[in-house]
Structures are given as C-alpha cells and as structure tokens.
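Undergrad: Next up is a structure, given as structure tokens.
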Amino acid sequence: MGESIVTLSKIGMVFGGSSGSQTVALQDIDLRIAPGEFISLIGPSGCGKSTLLRVVGDLLTPTSGQVQVNGKSTHQARLDQDYGMVFQAPVLFEWRTILKNVMLPLELRGVPQNQQRERARELLNMVELTGFENHYPWQLSGGMQQRASIARALAIQPKLLLMDEPFGALDEMTRERMNMELLNIWRQTQTTVIFVTHSIAEAVFLSTRIVVMSARPGRILHITDVDLPQPRGEQSRAETRYFEIENAVREWLRKA
Amino acid sequence: MKQLRQIISILILLLLLAVVWEGIKWIGGDPWRVENNPFGIEHNPPWRFKVASDLNLPHLWDIGASFSKPSRRNGPPLISVLIQAAFFTFREAVIGFFFGAFLGLLLGILFAHFDLLERGCMPYVVASQTVPILAIAPMVIIWLKAGWVSVAVIAAYLTFFPVTINTLRGLRSPDPRALELMRSYAASKWAVLWKLRLPAALPYIFTAFKISATASVVGAIIGELPSGIRDGLGGAILNFNQYYISGPGRLWAAIIISALVGMAFYLIVTLAERVALRGRNLVEE
Ligand SMILES: Nc1ncnc2c1ncn2[C@@H]1O[C@H](COP(=O)(O)OP(=O)(O)O)[C@@H](O)[C@H]1O
Ligand SMILES: [Mg+2]
C-alpha cells in the first residue's frame, strides 16, 4: 500500500491507572488507512471501537504505540482541524438554528460571516435540509438532526471523518436512506471515513474495508476487503457478492 | 392563553386570601356598624380573637382607604409617598442586583475553570450566606458609610449566591460529547466558554436571576433600616411601624407595595429570560 492517511502501530490503551482495576481496551492495533478509504469498525459491544476512534481523533492518548494522521501527530492534526466528528446523538446546540449549528466549525476557524453562511447553505442542500435553515434542532426529526450533524462535520472539509454509530439510533428505513446519502457524500467529497457500526449490512454496503475487532482486550481479528464494484447503489444490496461478504463478516464476528 | 390562565389563577388566589382574611374578622374580629344608616347595618362577631382585632388585622377596605389618605398632616396622599419610595428602593435593588449578578457570574466562571479555587473559596461563599443579613447590614454601613452604595452592596450580598451556584452548575451542564466536539475543532477555552458553556448555562443563570431579583428587593429594604435612609420603602416601613397604633393601614399598605416591587422585578427578569432563551424548547415551569 502506498501513502496512508492514518497509520496505527502497536496501539494499546489501558484504562484505570496503576492501582485498582484496569481495563485493557485496546491491544496491538496495527492499521494503515489509505486516503479516500471507507473503513468500518465492527465488533462486540465494549470491544474498544469508540476508544480506537477517539485515539485517532486525539480525544484520548493511547498508553502505548504510535498514531500518525497525514504524517503528523494526532495532536497537530486536531489543531489543523483535519477531523470531522459525528456521534450517535446529533449533539446539535439547542440555542442555535440549524444553519448556525452548521456554521459553528467555520466560525471557530474564523471564516468570514458571509462565506460561513454560503458554505453552510451548500452543505444543508447536500444533506437535503434546504428550507430548514432557520429551524431549531428540536423542530426536526432524529434523522434530519443527524443529517445536520453530518453537514456540520463536513463544513471544514475534514481530511478524516470519524463517525461513531451515527445511524445507531435511527429506524431501519431511515438508516438505509442515510446510508445511500452518506455514500453519495463520500463520493463527492472524497474524504476518508472511519465508521463504527453494529450493523453488518451497513458495513458491507458502505465500506472499502471492514475491520472486525475481538472482545476485550480489543484486537483486530480480521480485515475484510469489500470488493463490491463502485459506485454502489441500492442494486448492490442484491448482489451475490454482497451476501457472501456479509456471511464472511458474520462468521468472523462469531469468533470475536 | 397560558398567561390568561395564570393571571386568572393568581386573581382567584388573591380573592381566596381576601375571603379568609375577612372571614377571620367576621367570626372573631371587632364589631362594626355603618354610620348613619337607617337599616342598622352592623355586625357583632361571635368570638374575639386577638389577632383579628382591627389593630392587628385591619379591614381590607381600611387598608385600601389609607392609600388615599395623607400619611402626614397636610402631606400628599400615602399612595404617592409610597410610589416614590418604591422607585427609590427599586433603584437600589437594581443596582445591587447588577453588582451581585456580576460577582456571581464572575465567581461561577472562575470556579468552573479552576478546581482549586472552587475548593478553596466555595466554603467561604457558603459560609457567607449563613451569616444573617441583619448582622451584615450594620457592618457594611460602618465600612462604606450610610448611603445608596451600602444599600446596594447589602442587596448584592443576597443576590450573588444563587447566581454563583447556578452559573457553576450551568457551565458544567453541557453534554460531554458537545465538549469533545469543541475539542475536535481545536476550540480555545475562551471559545468553549463563549459558544458552548455560557449558552448552555443561560437557563440556569436566569433561574438564579429570578430568585435574586426578589432577594435584592428584600436586601434593599433591610439595608435601608440601619443606614437611616428615609426615602425608600424600608424607611416607610420603619416609620409606619413606629406609629402603627395611630394608623395600622399604612404599614400594611407599605408591605403591599414592597411585595409589588419584588413581583415587578421578577416579571422584568422573566421577560428578559423569554427574549434571551427564545427558540429553545424549554419545559415550561
Ligand atoms: N474513559 C474510560 N475509563 C475507563 N474505562 C473506559 C473508558 N472508556 C471506555 N472504557 C472501557 O473500555 C472498553 C471499550 O469501550 P468502548 O471503546 O466504548 O467500546 P465500544 O465502543 O466498542 O462499545 C469498555 O470496557 C469500557 O468500559
Ligand atoms: Mg462505542
């Protein structure tokens, strides 16, 4: 593999300090991610998926090992605003309108106001929220709120989009529609995505590679290449290859 | 619609209070008769309660009538004296409120950012509130000289505490993920305070402001007593208390006006809150 945007080597994460009970959340994680990839992390609950995502995003410092993002330390990458984050909950600010919520990262970066507005409108258009600019978060459905939070994450054109079960709280129908939209966004923006999910179907549909993790201590059990042809669409879900990969991942998860 | 229901329920409550008040007087107050009436309208209560005598619990219409009577011989009617006093006290209370709110916000913000400071100072802040205001007031007047400044400081003393506590709570209220989000954008401490912590704290801060608004009026009235300030409601209460026997209605009138000043301040803060929190989906109290 050529250049990589994320390089994890021998990452270990132990919670709980020297005394008392310790949790080994991550052990010996080695992973290289190429620019433009869509990587899914899948594994049993509590296996360290969120922890791994936070290590990459410099929200946690690993107790051992090295992480590089774009050839920099994660700290520098964060200061350079290379990250976009999306959580399971939309985490929109209730006192801001949808437009203002999407403008937040641009505001923090010091982009001129009229450009903030213009860019936020473009993004809301991309996630199909045109017409809801002046609504407050509580006036929108869960799916719409999550779309707004994705628009916010994309506002600063992050090199790396970190998503922690972003569609976990949505119903099946909404989730499938959001998957399709996310695919389109990923194609348009060509950003690299690390995506935590519990859904095998979602992982297969979206990813270029699926990282299957084992239960505590969290390790990489297997990496599945998803060689479904691009660009994908609803028809991809009907391909035989899709079911083969889905079954293979399910087998690996059984061993996790 | 909701406001209308609120107003109606307040009116019903006031009416009930009036009924109870006059009811007690009806069964246990002093006897009365309408002067020069041909029908002999009079009432002789079956019992005599001491609390219900005309001196201790004047008839509501006597209190009402005292508003229009002059408070001094040849002076202006009581109502205009009291309104002037109300504005005087209100101004002291507002100045005290701003002092206290500013101090409370400052302490809350400092405590939220410096754990050590909070652990070091919070016990003193709490202790300050266990010292009765009646003991503090004379001290403040000795230090700062009698005048509206010392009255405002006494009002501030009652104001800052709820603001400190609620500001601190509010600044710590944001969702941890919202803080992580700000962190992922490399937001400065200042930006986190300004764009996340303070907006999140605003509902808490306004709750404190509402408590403080009424407390600052109490503080201003109490502060006037030992400072010998005669122009405010505190002075009026002290004065009418001294001459209670010659006109019990006047003290009651001053008390009613004091309560109205507190309520008016509360209402003003509530309106400011409406404006400041517009758009939010608040669970209405
Ligand atoms: N801040 C923390 N302190 C202590 N233990 C933690 C902390 N965060 C996560 N853990 C533990 O690390 C393990 C992995 O957690 P997490 O990464 O959230 O799992 P997942 O996202 O895969 O469900 C769990 O056992 C969890 O209890
Ligand atoms: Mg998780």
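Identifiers for the structure tokens are assigned positionally: chains receive A, B, ... in sequence, residues are indexed from 1 per chain, and ligands are indexed from 1 in the order shown.
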Using only C-alpha atoms, find the residues of chain B whose closest atom to chain A is at most 12 Å away, then write them as a PyMOL selection string.
TA: chain B and resi 174-192+194-203+276-282
Undergrad: Apply DSSP to the structure's backbone, then extract all residues of segment 158-253 of chain B labelled helix (DSSP H, G or I) and return them as JSON, numbers by chain.
TA: {"B": [158, 159, 160, 161, 162, 163, 164, 165, 166, 167, 168, 169, 170, 171, 176, 177, 178, 179, 180, 181, 182, 183, 184, 189, 190, 191, 192, 193, 194, 195, 196, 197, 198, 199, 200, 201, 202, 203, 204, 205, 206, 207, 208, 209, 210, 211, 212, 213, 214, 215, 216, 217, 218, 219, 220, 221, 222, 223, 224, 225, 226, 227, 233, 234, 235, 236, 237, 238, 239, 240, 241, 242, 248, 249, 250, 251, 252, 253]}
Undergrad: Please extract the residues at most 9 Å from ligand 2, counting only C-alpha atoms and all ligand atoms, and provide them as a PyMOL selection string, using the chain letters and residue numbers of this document.
TA: chain A and resi 45-51+53+88+164-165+196-197
Undergrad: Give me a file of those residues, with N, CA, C and O atoms, as a PDB file, in the first residue's frame.
TA:
```pdb
ATOM      1  N   SER A  45     -20.011  -5.265  21.623  1.00  0.00           N
ATOM      2  CA  SER A  45     -20.102  -4.091  22.488  1.00  0.00           C
ATOM      3  C   SER A  45     -18.964  -4.071  23.494  1.00  0.00           C
ATOM      4  O   SER A  45     -18.648  -5.096  24.080  1.00  0.00           O
ATOM      5  N   GLY A  46     -18.356  -2.931  23.692  1.00  0.00           N
ATOM      6  CA  GLY A  46     -17.302  -2.802  24.692  1.00  0.00           C
ATOM      7  C   GLY A  46     -15.952  -3.323  24.230  1.00  0.00           C
ATOM      8  O   GLY A  46     -15.039  -3.462  25.033  1.00  0.00           O
ATOM      9  N   CYS A  47     -15.796  -3.585  22.923  1.00  0.00           N
ATOM     10  CA  CYS A  47     -14.523  -4.132  22.451  1.00  0.00           C
ATOM     11  C   CYS A  47     -13.518  -3.036  22.141  1.00  0.00           C
ATOM     12  O   CYS A  47     -12.383  -3.312  21.785  1.00  0.00           O
ATOM     13  N   GLY A  48     -13.931  -1.783  22.246  1.00  0.00           N
ATOM     14  CA  GLY A  48     -12.956  -0.702  22.091  1.00  0.00           C
ATOM     15  C   GLY A  48     -13.049   0.066  20.787  1.00  0.00           C
ATOM     16  O   GLY A  48     -12.134   0.807  20.440  1.00  0.00           O
ATOM     17  N   LYS A  49     -14.181  -0.052  20.098  1.00  0.00           N
ATOM     18  CA  LYS A  49     -14.328   0.665  18.819  1.00  0.00           C
ATOM     19  C   LYS A  49     -14.306   2.177  19.035  1.00  0.00           C
ATOM     20  O   LYS A  49     -13.564   2.898  18.368  1.00  0.00           O
ATOM     21  N   SER A  50     -15.115   2.625  19.990  1.00  0.00           N
ATOM     22  CA  SER A  50     -15.152   4.069  20.262  1.00  0.00           C
ATOM     23  C   SER A  50     -13.795   4.547  20.761  1.00  0.00           C
ATOM     24  O   SER A  50     -13.333   5.629  20.390  1.00  0.00           O
ATOM     25  N   THR A  51     -13.178   3.723  21.594  1.00  0.00           N
ATOM     26  CA  THR A  51     -11.863   4.088  22.116  1.00  0.00           C
ATOM     27  C   THR A  51     -10.868   4.282  20.968  1.00  0.00           C
ATOM     28  O   THR A  51     -10.127   5.263  20.937  1.00  0.00           O
ATOM     29  N   LEU A  53     -11.510   5.049  17.892  1.00  0.00           N
ATOM     30  CA  LEU A  53     -11.889   6.249  17.145  1.00  0.00           C
ATOM     31  C   LEU A  53     -11.381   7.512  17.868  1.00  0.00           C
ATOM     32  O   LEU A  53     -10.893   8.446  17.242  1.00  0.00           O
ATOM     33  N   GLN A  88     -23.281   9.192  17.848  1.00  0.00           N
ATOM     34  CA  GLN A  88     -24.579   8.518  17.719  1.00  0.00           C
ATOM     35  C   GLN A  88     -25.722   9.503  17.905  1.00  0.00           C
ATOM     36  O   GLN A  88     -26.715   9.472  17.202  1.00  0.00           O
ATOM     37  N   ASP A 164     -19.090   7.650  14.903  1.00  0.00           N
ATOM     38  CA  ASP A 164     -19.309   6.621  15.917  1.00  0.00           C
ATOM     39  C   ASP A 164     -20.787   6.229  15.950  1.00  0.00           C
ATOM     40  O   ASP A 164     -21.593   6.918  16.569  1.00  0.00           O
ATOM     41  N   GLU A 165     -21.121   5.138  15.310  1.00  0.00           N
ATOM     42  CA  GLU A 165     -22.510   4.655  15.215  1.00  0.00           C
ATOM     43  C   GLU A 165     -23.489   5.782  14.893  1.00  0.00           C
ATOM     44  O   GLU A 165     -24.474   5.973  15.616  1.00  0.00           O
ATOM     45  N   VAL A 196     -17.848   3.548  12.816  1.00  0.00           N
ATOM     46  CA  VAL A 196     -18.145   2.481  13.779  1.00  0.00           C
ATOM     47  C   VAL A 196     -19.598   2.076  13.606  1.00  0.00           C
ATOM     48  O   VAL A 196     -20.481   2.934  13.504  1.00  0.00           O
ATOM     49  N   THR A 197     -19.854   0.783  13.558  1.00  0.00           N
ATOM     50  CA  THR A 197     -21.241   0.331  13.402  1.00  0.00           C
ATOM     51  C   THR A 197     -21.463  -1.014  14.073  1.00  0.00           C
ATOM     52  O   THR A 197     -20.517  -1.741  14.378  1.00  0.00           O
TER      53      THR A 197
END
```
Undergrad: Would you pick out the contacts of Gly71 of chain A at 9 Å or less, using only C-alpha atoms, so that residues sharing its chain but fewer than 6 positions from it are not included, and give the list as a ChimeraX atom specification?
TA: /A:4-7,77
Undergrad: Any idea what's packed within 6 Å of segment 258-275 of chain B, counting only C-alpha atoms, ignoring anything in its chain fewer than 6 positions away? Could you give it as a PyMOL selection string?
TA: chain B and resi 210+213-214+217
Undergrad: Please return, as a VMD selection string, all residues of segment 10-254 of chain A that DSSP assigns to strand (DSSP E) on the basis of the backbone.
TA: chain A and resid 10 to 15 23 to 33 38 to 42 64 to 69 83 to 86 160 to 164 192 to 196 209 to 213 220 to 225
Undergrad: Using only C-alpha atoms, determine which residues lie at most 10 Å from Arg32 of chain A, disregarding the query and same-chain residues fewer than 2 positions distant; provide the list as an mmCIF file with C-alpha atoms, in the first residue's frame.
TA:
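Everything below was put into part-v9.cif:
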```
data_model
loop_
_atom_site.group_PDB
_atom_site.id
_atom_site.type_symbol
_atom_site.label_atom_id
_atom_site.label_comp_id
_atom_site.auth_asym_id
_atom_site.auth_seq_id
_atom_site.Cartn_x
_atom_site.Cartn_y
_atom_site.Cartn_z
ATOM 1 C CA MET A 1 0.000 0.000 0.000
ATOM 2 C CA GLY A 2 1.330 3.451 -0.892
ATOM 3 C CA GLU A 3 0.816 6.601 1.144
ATOM 4 C CA SER A 4 -1.508 6.387 4.099
ATOM 5 C CA ILE A 5 -3.592 8.987 5.858
ATOM 6 C CA VAL A 6 -3.806 7.103 9.146
ATOM 7 C CA THR A 7 -1.090 4.884 10.489
ATOM 8 C CA LEU A 8 -1.648 3.000 13.728
ATOM 9 C CA SER A 9 1.236 0.952 15.070
ATOM 10 C CA ASP A 30 -1.832 -2.121 13.627
ATOM 11 C CA ALA A 34 -5.194 4.998 2.545
ATOM 12 C CA PRO A 35 -6.685 8.349 1.537
ATOM 13 C CA VAL A 67 -0.557 7.145 15.664
ATOM 14 C CA GLN A 68 0.062 9.343 12.688
#
```
